[in-house]
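Asker: The structure follows.
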Amino acid sequence: MSIPQSGGGPITDPAQLTEYLASGCKPQEDWRIGTEHEKFGFCEDSHMPLPYEGTRSIEAVLTGLRDSFGWSPVTEGGKLIGLEKNGANVSLEPGGQLELSGAPLETIHQTCDEVNDHLREVRAVADGIGVKFIGLGAAPVWTHEQMPLMPKGRYKLMDSYMGKVGTMGRVMMRRTCTVQVNIDFGSEADMVQKLRVAMALQSVATALFASSPFFEGKPNGHKSWRSRVWRDLDASRTGIPAFVFDEGFGFQQWVDYALDVPMYFVYRDGRYVDALGQSFRDFMKGQLPALPGETPTLSDWADHLTTLFPEARIKKYMEMRGADGGPWRRLCALPAFWVGLMYDQTALDAAWDLAKGWDQETRLALRIAASEQGLQAEVRGIRMHDLAREVLAISEAGLKARARPGAGGLVPDETHFLNALKESVETGKTLADELLDAYHGPWNGDLDRIYSEYAY
């Protein structure tokens with residue numbers, strides 16, 4: 001979840017909303033990569049989730065990172081809720097999931113170094129207090145009651161609202177994790193093509209990164225339960241918006257969509273003002289019930305954009321949101337997958353050629369089938385395994401064309417970061433399949449084994 005935005009002046013003209021998005025356009029030489037990933041913390045001996053406070057807690061991990069590795073604290077209401085350093089931040093998801101939101105970097109080599117440095121720091125702190133972390137798309141055993149709600153005003157408001165607009169919102173907040181990558185666009189036309197590819201092929205990422213076949217202690221019938229959760233969260237702000245594929249789509253149409261999404265809050269003077277279900281359009285008129293007579297700033301608009309949760313979304317950059325969280329070795333594969341598709345025009349054109357003939361029903365059916373069956377999904381003659389193989393080949397070609405060397409020039413490009421995904425395509429098995437094989441095989445139904453065998 002995003003931290004409060006800042007730095008935006010008053011909105012005096014509706015055109016500023018579109019200009020805000022368009023201001024993210026950058027020349028290709030300035031395109032960057034921002035990787036985000038979440039992970040569950042638990043007590044090493046009991047395998048129970050971490051509370052916010054205590055000797056073994058989220059607060060203790062944040063404090064250790066602050067004191068031992070030079071992170072600057074972020075507080076809310078006197079509580080330590082995050083950290084900042086060198087353009088990156090560490091923040092808390094609602095159920096205590098620890099998230100790294102990486103700095104915007106030039107290459108996958110750099111973003112993977114950042115991920116590795118972060119996880120080494122977390123491990124050093126966690127080992128000292130008897131804590132471990134695990135990367136999965138959904139909590140495999142813990143119940144809702146066992147998952148604490150972190151002390152952030154945004155989450156308190158969201159928690160009360162989620163039960164009114166869907167059935168899975170509180171599950172998403174407390175018991176799911178993802179890995180995401182943020183990418184840039186060069187123009188409105190470039191944004192449109194990238195967003196269409198992102199929306200259409202997000203199901204491939206869901207299938208390849210599926211890692212959540214368990215929930216509340218048993219198999220749940222899905223390869224990606226996290227993706228299943230997002231389908232019943234809040235229809236007004238999730239899913240694959242069909243208008244993205246309409247002729248004439250651009251920044252203005254995204255603004256219109258965002259204005260129609262009900263608000264959650266307004267951030268004022270260090271606190272979250274309850275604006276649940278209210279209209280940003282009314283806010284623009286000075287008629288917001290939560291703040292009568294006030295009109296929004298660009299910071300308020302930036303905050304509101306963070307409350308839209310489709311499979312991919314745009315702000316001043318684009319976020320890929322369809323993948324389950326995963327183990328250490330897979331975290332660098334997600335940015336490699338999307339950068340290969342998006343940052344080389346030949347690859348981007350090839351990816352769009354694969355998907356441009358699909359209608360909305362096909363895109364939605366692929367999303368559901370990927371959640372349920374992973375690489376074994378098949379929709380209207382489209383076999384996910386074959387599609388994933390094609391998409392991965394395009395991504396690899398895109399990374400080769402980028403030719404960004406690493407390791408002081410010893411590694412010629414970024415293609416090796418796709419190796420975990422290539423292995424999945426070669427075997428036809430994702431992490432979810434691997435976990436199910438272990439559960440029905442050597443684990444003999446003992447899901448407690450997942451903590452010792454898959455912890456960071």
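Letters for chains follow the order of the structure tokens (A, B, ...), residue numbers begin at 1 for each chain, and ligand numbers begin at 1 in the order shown.
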Find the residues around Arg226 of chain A up to 10 Å (only C-alpha atoms counted), leave out those fewer than 2 positions away in its own chain, and share them as a PyMOL selection string.
Answerer: chain A and resi 136-139+168+171-172+175-178+206+210-213+215+222-224+228-231+322-325+371
Asker: Show me, as a list in words, the residues that have an atom within 9 Å of Leu92 of chain A when counting only C-alpha atoms, minus same-chain residues fewer than 6 positions from it.
Answerer: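 Listed by chain and then number, they are Met1, Glu38, Ile58, Ile81, Gly82, Leu98, Glu99, Leu100, Met150 and Lys152 of chain A.
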Asker: When you look at Gly286 of chain A with a cut-off of 12 Å (counting only C-alpha atoms), what residues show up, excluding the ones that are within fewer than 4 positions of it in the same chain? I need them as JSON, numbers by chain.
Answerer: {"A": [11, 12, 279, 280, 281, 282, 290, 291, 292, 293, 294, 295, 296, 297]}
Asker: Could you write out that same residue set with N, CA and C atoms as an mmCIF file, in the first residue's frame?
Answerer:
data_model
loop_
_atom_site.group_PDB
_atom_site.id
_atom_site.type_symbol
_atom_site.label_atom_id
_atom_site.label_comp_id
_atom_site.auth_asym_id
_atom_site.auth_seq_id
_atom_site.Cartn_x
_atom_site.Cartn_y
_atom_site.Cartn_z
ATOM 1 N N ILE A 11 -5.657 22.284 -6.981
ATOM 2 C CA ILE A 11 -6.216 21.995 -8.297
ATOM 3 C C ILE A 11 -7.210 23.108 -8.628
ATOM 4 N N THR A 12 -6.882 23.908 -9.625
ATOM 5 C CA THR A 12 -7.755 25.022 -10.019
ATOM 6 C C THR A 12 -8.408 24.795 -11.372
ATOM 7 N N SER A 279 -17.213 11.241 -3.330
ATOM 8 C CA SER A 279 -16.859 11.464 -4.730
ATOM 9 C C SER A 279 -15.769 12.514 -4.881
ATOM 10 N N PHE A 280 -14.722 12.165 -5.637
ATOM 11 C CA PHE A 280 -13.689 13.160 -5.927
ATOM 12 C C PHE A 280 -14.251 14.276 -6.794
ATOM 13 N N ARG A 281 -15.281 13.966 -7.589
ATOM 14 C CA ARG A 281 -15.928 15.018 -8.378
ATOM 15 C C ARG A 281 -16.546 16.073 -7.454
ATOM 16 N N ASP A 282 -17.185 15.611 -6.359
ATOM 17 C CA ASP A 282 -17.724 16.558 -5.379
ATOM 18 C C ASP A 282 -16.607 17.337 -4.701
ATOM 19 N N ALA A 290 -16.863 15.192 3.769
ATOM 20 C CA ALA A 290 -15.820 15.029 4.789
ATOM 21 C C ALA A 290 -15.079 16.335 5.064
ATOM 22 N N LEU A 291 -14.996 17.223 4.057
ATOM 23 C CA LEU A 291 -14.278 18.493 4.199
ATOM 24 C C LEU A 291 -15.058 19.586 3.485
ATOM 25 N N PRO A 292 -16.183 19.991 4.028
ATOM 26 C CA PRO A 292 -17.035 20.981 3.348
ATOM 27 C C PRO A 292 -16.275 22.262 3.027
ATOM 28 N N GLY A 293 -16.436 22.700 1.789
ATOM 29 C CA GLY A 293 -15.823 23.949 1.376
ATOM 30 C C GLY A 293 -14.395 23.828 0.885
ATOM 31 N N GLU A 294 -13.736 22.718 1.170
ATOM 32 C CA GLU A 294 -12.356 22.527 0.718
ATOM 33 C C GLU A 294 -12.345 21.931 -0.684
ATOM 34 N N THR A 295 -11.312 22.271 -1.439
ATOM 35 C CA THR A 295 -11.065 21.659 -2.737
ATOM 36 C C THR A 295 -9.717 20.942 -2.691
ATOM 37 N N PRO A 296 -9.503 19.988 -3.583
ATOM 38 C CA PRO A 296 -8.321 19.134 -3.470
ATOM 39 C C PRO A 296 -7.041 19.768 -4.000
ATOM 40 N N THR A 297 -5.949 19.196 -3.570
ATOM 41 C CA THR A 297 -4.626 19.496 -4.111
ATOM 42 C C THR A 297 -4.202 18.346 -5.017
#
Asker: Which residues, written as a PyMOL selection string, have at least one atom at most 12 Å from segment 419-425 of chain A, with only C-alpha atoms counted and residues fewer than 3 positions away on the same chain left out?
Answerer: chain A and resi 204-210+326-337+374-376+384-393+395-396+414-416+428-434
Asker: May I have the residues from that selection written out with N, CA and C atoms, as a short mmCIF file (atom, residue, chain, number, x, y, z; two decimals), in the first residue's frame?
Answerer:
data_model
loop_
_atom_site.label_atom_id
_atom_site.label_comp_id
_atom_site.auth_asym_id
_atom_site.auth_seq_id
_atom_site.Cartn_x
_atom_site.Cartn_y
_atom_site.Cartn_z
N VAL A 204 -0.76 -14.08 -17.73
CA VAL A 204 0.44 -14.90 -17.90
C VAL A 204 1.34 -14.76 -16.68
N ALA A 205 1.49 -13.54 -16.19
CA ALA A 205 2.27 -13.34 -14.96
C ALA A 205 1.62 -14.05 -13.78
N THR A 206 0.28 -13.98 -13.71
CA THR A 206 -0.43 -14.69 -12.63
C THR A 206 -0.13 -16.17 -12.67
N ALA A 207 -0.16 -16.76 -13.86
CA ALA A 207 0.11 -18.20 -13.99
C ALA A 207 1.55 -18.54 -13.66
N LEU A 208 2.50 -17.78 -14.20
CA LEU A 208 3.92 -18.09 -13.99
C LEU A 208 4.35 -17.91 -12.55
N PHE A 209 3.77 -16.94 -11.86
CA PHE A 209 4.19 -16.63 -10.49
C PHE A 209 3.25 -17.21 -9.43
N ALA A 210 2.31 -18.05 -9.84
CA ALA A 210 1.35 -18.61 -8.89
C ALA A 210 2.06 -19.32 -7.73
N GLY A 326 6.74 -14.27 -3.90
CA GLY A 326 7.43 -15.55 -4.07
C GLY A 326 8.74 -15.60 -3.33
N PRO A 327 9.48 -16.69 -3.53
CA PRO A 327 10.77 -16.86 -2.86
C PRO A 327 11.83 -15.93 -3.43
N TRP A 328 12.90 -15.81 -2.70
CA TRP A 328 14.00 -14.91 -3.02
C TRP A 328 14.39 -15.03 -4.49
N ARG A 329 14.57 -16.26 -4.99
CA ARG A 329 15.11 -16.47 -6.33
C ARG A 329 14.16 -16.01 -7.44
N ARG A 330 12.89 -15.77 -7.13
CA ARG A 330 11.94 -15.37 -8.15
C ARG A 330 11.64 -13.87 -8.16
N LEU A 331 12.11 -13.15 -7.16
CA LEU A 331 11.73 -11.75 -7.05
C LEU A 331 12.30 -10.90 -8.18
N CYS A 332 13.47 -11.26 -8.69
CA CYS A 332 14.07 -10.49 -9.78
C CYS A 332 13.50 -10.89 -11.13
N ALA A 333 12.80 -12.01 -11.20
CA ALA A 333 12.25 -12.47 -12.47
C ALA A 333 11.07 -11.62 -12.92
N LEU A 334 10.31 -11.09 -11.97
CA LEU A 334 9.12 -10.30 -12.34
C LEU A 334 9.51 -9.00 -13.07
N PRO A 335 10.42 -8.19 -12.53
CA PRO A 335 10.83 -7.01 -13.31
C PRO A 335 11.48 -7.38 -14.63
N ALA A 336 12.25 -8.47 -14.67
CA ALA A 336 12.86 -8.89 -15.93
C ALA A 336 11.79 -9.24 -16.96
N PHE A 337 10.77 -9.95 -16.53
CA PHE A 337 9.68 -10.37 -17.42
C PHE A 337 9.04 -9.17 -18.09
N GLY A 374 -3.28 -22.13 -13.25
CA GLY A 374 -1.90 -21.77 -13.55
C GLY A 374 -1.54 -22.06 -14.99
N LEU A 375 -0.40 -22.69 -15.20
CA LEU A 375 0.05 -23.00 -16.56
C LEU A 375 -0.81 -24.04 -17.24
N GLN A 376 -1.64 -24.74 -16.50
CA GLN A 376 -2.50 -25.76 -17.09
C GLN A 376 -3.82 -25.17 -17.62
N MET A 384 -2.48 -21.84 -21.81
CA MET A 384 -1.63 -20.93 -21.06
C MET A 384 -0.17 -21.34 -21.13
N HIS A 385 0.10 -22.63 -21.11
CA HIS A 385 1.48 -23.08 -21.17
C HIS A 385 2.14 -22.61 -22.46
N ASP A 386 1.45 -22.76 -23.58
CA ASP A 386 1.98 -22.31 -24.86
C ASP A 386 2.10 -20.79 -24.90
N LEU A 387 1.09 -20.10 -24.39
CA LEU A 387 1.12 -18.65 -24.37
C LEU A 387 2.28 -18.14 -23.52
N ALA A 388 2.48 -18.74 -22.36
CA ALA A 388 3.58 -18.33 -21.49
C ALA A 388 4.92 -18.55 -22.17
N ARG A 389 5.06 -19.65 -22.90
CA ARG A 389 6.31 -19.92 -23.62
C ARG A 389 6.57 -18.82 -24.67
N GLU A 390 5.53 -18.44 -25.40
CA GLU A 390 5.67 -17.38 -26.41
C GLU A 390 6.01 -16.05 -25.78
N VAL A 391 5.29 -15.70 -24.72
CA VAL A 391 5.51 -14.41 -24.08
C VAL A 391 6.91 -14.35 -23.47
N LEU A 392 7.33 -15.44 -22.86
CA LEU A 392 8.66 -15.47 -22.25
C LEU A 392 9.75 -15.33 -23.31
N ALA A 393 9.55 -15.94 -24.47
CA ALA A 393 10.53 -15.81 -25.56
C ALA A 393 10.61 -14.36 -26.04
N SER A 395 9.94 -11.71 -24.18
CA SER A 395 10.61 -10.98 -23.11
C SER A 395 12.12 -11.19 -23.17
N GLU A 396 12.53 -12.42 -23.38
CA GLU A 396 13.97 -12.70 -23.46
C GLU A 396 14.61 -11.95 -24.63
N GLU A 414 20.45 -9.00 -19.39
CA GLU A 414 19.64 -9.30 -18.20
C GLU A 414 18.83 -10.59 -18.34
N THR A 415 19.09 -11.37 -19.38
CA THR A 415 18.24 -12.52 -19.67
C THR A 415 18.29 -13.61 -18.60
N HIS A 416 19.40 -13.71 -17.87
CA HIS A 416 19.50 -14.80 -16.89
C HIS A 416 18.51 -14.62 -15.73
N GLY A 428 6.53 -27.20 -16.94
CA GLY A 428 5.09 -27.05 -16.84
C GLY A 428 4.61 -26.87 -15.42
N LYS A 429 5.56 -26.61 -14.49
CA LYS A 429 5.19 -26.48 -13.08
C LYS A 429 5.67 -25.16 -12.50
N THR A 430 4.76 -24.47 -11.82
CA THR A 430 5.08 -23.25 -11.11
C THR A 430 5.37 -23.59 -9.64
N LEU A 431 5.63 -22.57 -8.84
CA LEU A 431 5.84 -22.80 -7.41
C LEU A 431 4.60 -23.43 -6.78
N ALA A 432 3.41 -23.02 -7.22
CA ALA A 432 2.19 -23.60 -6.67
C ALA A 432 2.15 -25.11 -6.90
N ASP A 433 2.55 -25.54 -8.09
CA ASP A 433 2.58 -26.98 -8.38
C ASP A 433 3.61 -27.68 -7.51
N GLU A 434 4.76 -27.05 -7.34
CA GLU A 434 5.81 -27.61 -6.49
C GLU A 434 5.31 -27.77 -5.05
#
Asker: Using only C-alpha atoms, which of A:Leu105, A:Phe214, A:Gly250, A:Lys39 sits nearest Val122 of chain A?
Answerer: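 Counting only C-alpha atoms, the residue closest to Val122 of chain A is A:Lys39.
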Asker: Excluding Asp448 of chain A and residues on its chain fewer than 4 positions from it, collect all residues at most 9 Å away from it, counting only C-alpha atoms, and give them as an NGL selection string.
Answerer: :A and (47 or 141 or 217 or 443 or 452)
Asker: For the residues selected in the previous step, produce a file with N, CA and C atoms as a PDB file, in the first residue's frame.
Answerer:
ATOM      1  N   HIS A  47       5.731 -20.352  14.471  1.00  0.00           N
ATOM      2  CA  HIS A  47       5.197 -20.159  13.108  1.00  0.00           C
ATOM      3  C   HIS A  47       3.955 -19.259  13.082  1.00  0.00           C
ATOM      4  N   VAL A 141      -1.787 -20.731   6.267  1.00  0.00           N
ATOM      5  CA  VAL A 141      -2.440 -21.351   7.423  1.00  0.00           C
ATOM      6  C   VAL A 141      -3.221 -20.336   8.251  1.00  0.00           C
ATOM      7  N   GLY A 217      -4.843 -23.619   6.012  1.00  0.00           N
ATOM      8  CA  GLY A 217      -4.346 -24.949   6.351  1.00  0.00           C
ATOM      9  C   GLY A 217      -4.611 -26.062   5.375  1.00  0.00           C
ATOM     10  N   TRP A 443       5.492 -34.211   2.417  1.00  0.00           N
ATOM     11  CA  TRP A 443       4.952 -33.569   3.616  1.00  0.00           C
ATOM     12  C   TRP A 443       3.797 -34.349   4.214  1.00  0.00           C
ATOM     13  N   SER A 452       9.609 -24.071   7.392  1.00  0.00           N
ATOM     14  CA  SER A 452      11.029 -24.392   7.476  1.00  0.00           C
ATOM     15  C   SER A 452      11.667 -24.539   6.093  1.00  0.00           C
TER      16      SER A 452
END
Asker: Choose the residue, out of A:Pro310, A:Gly135, A:Pro289, A:Gly357, that has the smallest atom-to-atom separation from Val261 of chain A; count only C-alpha atoms.
Answerer: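 The shortest atom-to-atom distance to Val261 of chain A comes from A:Pro310.
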Asker: Please tabulate, as CSV, the residues of segment 175-217 of chain A that come within 10 Å of segment 26-34 of chain A, each with its closest pair of atoms and the distance in Å to one decimal, counting only C-alpha atoms and ordering rows by chain, then residue number upward.
Answerer:
residue,atom,partner,partner_atom,distance
A:Gln180,CA,A:Gly34,CA,8.3
A:Val181,CA,A:Gly34,CA,5.6
A:Asn182,CA,A:Gly34,CA,4.8
A:Ile183,CA,A:Ile33,CA,5.4
A:Asp184,CA,A:Trp31,CA,5.4
A:Phe185,CA,A:Lys26,CA,6.3
A:Gly186,CA,A:Lys26,CA,4.7
A:Ser187,CA,A:Lys26,CA,7.2
Asker: Taking the DSSP secondary structure from the backbone, can you list the residues of segment 232-353 of chain A that are helix (DSSP H, G or I), as a PyMOL selection string?
Answerer: chain A and resi 242-245+251-260+280-284+298-305+328-330+333-342+345-353
Asker: Convert the current residue selection to file output with C-alpha atoms, as a CSV table (one decimal), in the first residue's frame.
Answerer:
chain,number,residue,atom,x,y,z
A,242,ALA,CA,-12.7,-2.8,-20.7
A,243,PHE,CA,-12.4,0.9,-21.7
A,244,VAL,CA,-8.6,0.6,-21.9
A,245,PHE,CA,-9.1,-1.3,-25.2
A,251,PHE,CA,-4.9,9.8,-20.1
A,252,GLN,CA,-8.3,11.6,-20.0
A,253,GLN,CA,-10.2,8.3,-20.0
A,254,TRP,CA,-8.1,7.1,-17.1
A,255,VAL,CA,-8.9,10.3,-15.3
A,256,ASP,CA,-12.7,9.8,-15.9
A,257,TYR,CA,-12.4,6.3,-14.5
A,258,ALA,CA,-10.5,7.4,-11.5
A,259,LEU,CA,-13.1,10.2,-10.8
A,260,ASP,CA,-15.8,7.5,-10.8
A,280,PHE,CA,-13.7,13.2,-5.9
A,281,ARG,CA,-15.9,15.0,-8.4
A,282,ASP,CA,-17.7,16.6,-5.4
A,283,PHE,CA,-14.3,17.3,-3.8
A,284,MET,CA,-13.5,19.3,-7.0
A,298,LEU,CA,-2.6,17.5,-6.6
A,299,SER,CA,-1.4,15.5,-3.6
A,300,ASP,CA,-5.0,14.5,-2.9
A,301,TRP,CA,-5.3,13.4,-6.5
A,302,ALA,CA,-2.1,11.4,-6.2
A,303,ASP,CA,-3.4,9.7,-3.0
A,304,HIS,CA,-6.7,8.9,-4.7
A,305,LEU,CA,-4.9,7.2,-7.6
A,328,TRP,CA,14.0,-14.9,-3.0
A,329,ARG,CA,15.1,-16.5,-6.3
A,330,ARG,CA,11.9,-15.4,-8.2
A,333,ALA,CA,12.2,-12.5,-12.5
A,334,LEU,CA,9.1,-10.3,-12.3
A,335,PRO,CA,10.8,-7.0,-13.3
A,336,ALA,CA,12.9,-8.9,-15.9
A,337,PHE,CA,9.7,-10.4,-17.4
A,338,TRP,CA,7.9,-7.0,-17.9
A,339,VAL,CA,11.0,-4.9,-18.8
A,340,GLY,CA,11.8,-7.4,-21.5
A,341,LEU,CA,8.3,-7.0,-22.9
A,342,MET,CA,7.9,-3.2,-22.4
A,345,GLN,CA,9.6,-1.6,-29.1
A,346,THR,CA,10.0,-4.8,-31.2
A,347,ALA,CA,9.1,-6.9,-28.2
A,348,LEU,CA,6.2,-4.6,-27.2
A,349,ASP,CA,4.8,-4.9,-30.7
A,350,ALA,CA,5.2,-8.7,-30.7
A,351,ALA,CA,3.4,-8.9,-27.3
A,352,TRP,CA,0.5,-6.8,-28.5
A,353,ASP,CA,0.3,-8.9,-31.7
Asker: If we count only C-alpha atoms and set the cut-off at 12 Å, which residues sit around Thr75 of chain A, ignoring sequence neighbours fewer than 6 positions away in its own chain? Please answer as an MDAnalysis selection string.
Answerer: chainID A and resid 3:4 59 62:63 81:84 90:92 151:153 270:271
Asker: How many Å lie between atom CA of Tyr343 of chain A and atom CA of Thr362 of chain A, rounded to one decimal?
Answerer: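 Straight-line distance from atom CA of Tyr343 of chain A to atom CA of Thr362 of chain A works out to 25.8 Å.
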Asker: With only C-alpha atoms as the atoms that count, which of A:Ala403, A:Val379, A:Ile134, A:Ala275 lies nearest to Gln97 of chain A?
Answerer: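 Checking each of A:Ala403, A:Val379, A:Ile134, A:Ala275 against Gln97 of chain A, counting only C-alpha atoms, the winner is A:Ile134.
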Asker: How many Å lie between atom CA of Gly409 of chain A and atom CA of Asp117 of chain A, rounded to one decimal?
Answerer: 20.5 Å
Asker: Could you give me the residues within segment 17-80 of chain A that DSSP places in strand (DSSP E or B), as a ChimeraX atom specification?
Answerer: /A:33-43,49,72-76,79-80
Asker: Could you save the residues just selected, with N, CA and C atoms, as a PDB file, in the first residue's frame?
Answerer:
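Saved the output as result_33.pdb:
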ATOM      1  N   ILE A  33      13.287   1.396 -13.552  1.00  0.00           N
ATOM      2  CA  ILE A  33      12.634   0.178 -13.084  1.00  0.00           C
ATOM      3  C   ILE A  33      12.492   0.277 -11.570  1.00  0.00           C
ATOM      4  N   GLY A  34      11.279   0.139 -11.065  1.00  0.00           N
ATOM      5  CA  GLY A  34      11.059   0.140  -9.619  1.00  0.00           C
ATOM      6  C   GLY A  34      10.391  -1.157  -9.189  1.00  0.00           C
ATOM      7  N   THR A  35      11.049  -1.924  -8.360  1.00  0.00           N
ATOM      8  CA  THR A  35      10.529  -3.225  -7.944  1.00  0.00           C
ATOM      9  C   THR A  35       9.998  -3.156  -6.521  1.00  0.00           C
ATOM     10  N   GLU A  36       8.809  -3.729  -6.323  1.00  0.00           N
ATOM     11  CA  GLU A  36       8.198  -3.799  -4.996  1.00  0.00           C
ATOM     12  C   GLU A  36       7.899  -5.255  -4.674  1.00  0.00           C
ATOM     13  N   HIS A  37       8.188  -5.649  -3.442  1.00  0.00           N
ATOM     14  CA  HIS A  37       7.771  -7.001  -3.056  1.00  0.00           C
ATOM     15  C   HIS A  37       7.405  -7.042  -1.579  1.00  0.00           C
ATOM     16  N   GLU A  38       6.439  -7.919  -1.290  1.00  0.00           N
ATOM     17  CA  GLU A  38       5.916  -8.097   0.065  1.00  0.00           C
ATOM     18  C   GLU A  38       6.222  -9.507   0.560  1.00  0.00           C
ATOM     19  N   LYS A  39       6.305  -9.633   1.889  1.00  0.00           N
ATOM     20  CA  LYS A  39       6.599 -10.942   2.486  1.00  0.00           C
ATOM     21  C   LYS A  39       5.982 -11.003   3.871  1.00  0.00           C
ATOM     22  N   PHE A  40       5.624 -12.224   4.272  1.00  0.00           N
ATOM     23  CA  PHE A  40       5.028 -12.453   5.589  1.00  0.00           C
ATOM     24  C   PHE A  40       6.130 -12.729   6.610  1.00  0.00           C
ATOM     25  N   GLY A  41       6.036 -12.077   7.777  1.00  0.00           N
ATOM     26  CA  GLY A  41       6.928 -12.396   8.883  1.00  0.00           C
ATOM     27  C   GLY A  41       6.253 -13.319   9.879  1.00  0.00           C
ATOM     28  N   PHE A  42       7.047 -14.190  10.517  1.00  0.00           N
ATOM     29  CA  PHE A  42       6.486 -15.100  11.516  1.00  0.00           C
ATOM     30  C   PHE A  42       7.546 -15.449  12.556  1.00  0.00           C
ATOM     31  N   CYS A  43       7.084 -15.882  13.719  1.00  0.00           N
ATOM     32  CA  CYS A  43       7.987 -16.310  14.786  1.00  0.00           C
ATOM     33  C   CYS A  43       8.572 -17.666  14.409  1.00  0.00           C
ATOM     34  N   PRO A  49       2.095 -15.459  13.003  1.00  0.00           N
ATOM     35  CA  PRO A  49       2.425 -14.159  12.412  1.00  0.00           C
ATOM     36  C   PRO A  49       2.895 -13.158  13.457  1.00  0.00           C
ATOM     37  N   SER A  72      16.056   5.835   7.570  1.00  0.00           N
ATOM     38  CA  SER A  72      15.394   6.919   8.292  1.00  0.00           C
ATOM     39  C   SER A  72      13.958   6.521   8.611  1.00  0.00           C
ATOM     40  N   PRO A  73      13.473   6.845   9.807  1.00  0.00           N
ATOM     41  CA  PRO A  73      12.149   6.391  10.218  1.00  0.00           C
ATOM     42  C   PRO A  73      11.012   7.182   9.566  1.00  0.00           C
ATOM     43  N   VAL A  74       9.897   6.504   9.361  1.00  0.00           N
ATOM     44  CA  VAL A  74       8.640   7.126   8.956  1.00  0.00           C
ATOM     45  C   VAL A  74       7.631   6.784  10.044  1.00  0.00           C
ATOM     46  N   THR A  75       7.002   7.785  10.619  1.00  0.00           N
ATOM     47  CA  THR A  75       6.081   7.549  11.733  1.00  0.00           C
ATOM     48  C   THR A  75       4.687   8.079  11.408  1.00  0.00           C
ATOM     49  N   GLU A  76       3.719   7.526  12.118  1.00  0.00           N
ATOM     50  CA  GLU A  76       2.341   8.016  12.046  1.00  0.00           C
ATOM     51  C   GLU A  76       1.723   7.836  13.425  1.00  0.00           C
ATOM     52  N   LYS A  79       3.844   6.075  15.945  1.00  0.00           N
ATOM     53  CA  LYS A  79       4.214   4.690  15.676  1.00  0.00           C
ATOM     54  C   LYS A  79       5.175   4.625  14.492  1.00  0.00           C
ATOM     55  N   LEU A  80       6.191   3.784  14.596  1.00  0.00           N
ATOM     56  CA  LEU A  80       7.106   3.542  13.495  1.00  0.00           C
ATOM     57  C   LEU A  80       6.410   2.662  12.469  1.00  0.00           C
TER      58      LEU A  80
END
Asker: Taking only C-alpha atoms into account, which of A:Lys218, A:Cys25, A:Val61, A:Trp225 comes nearest Glu372 of chain A?
Answerer: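 Nearest to Glu372 of chain A: A:Trp225.
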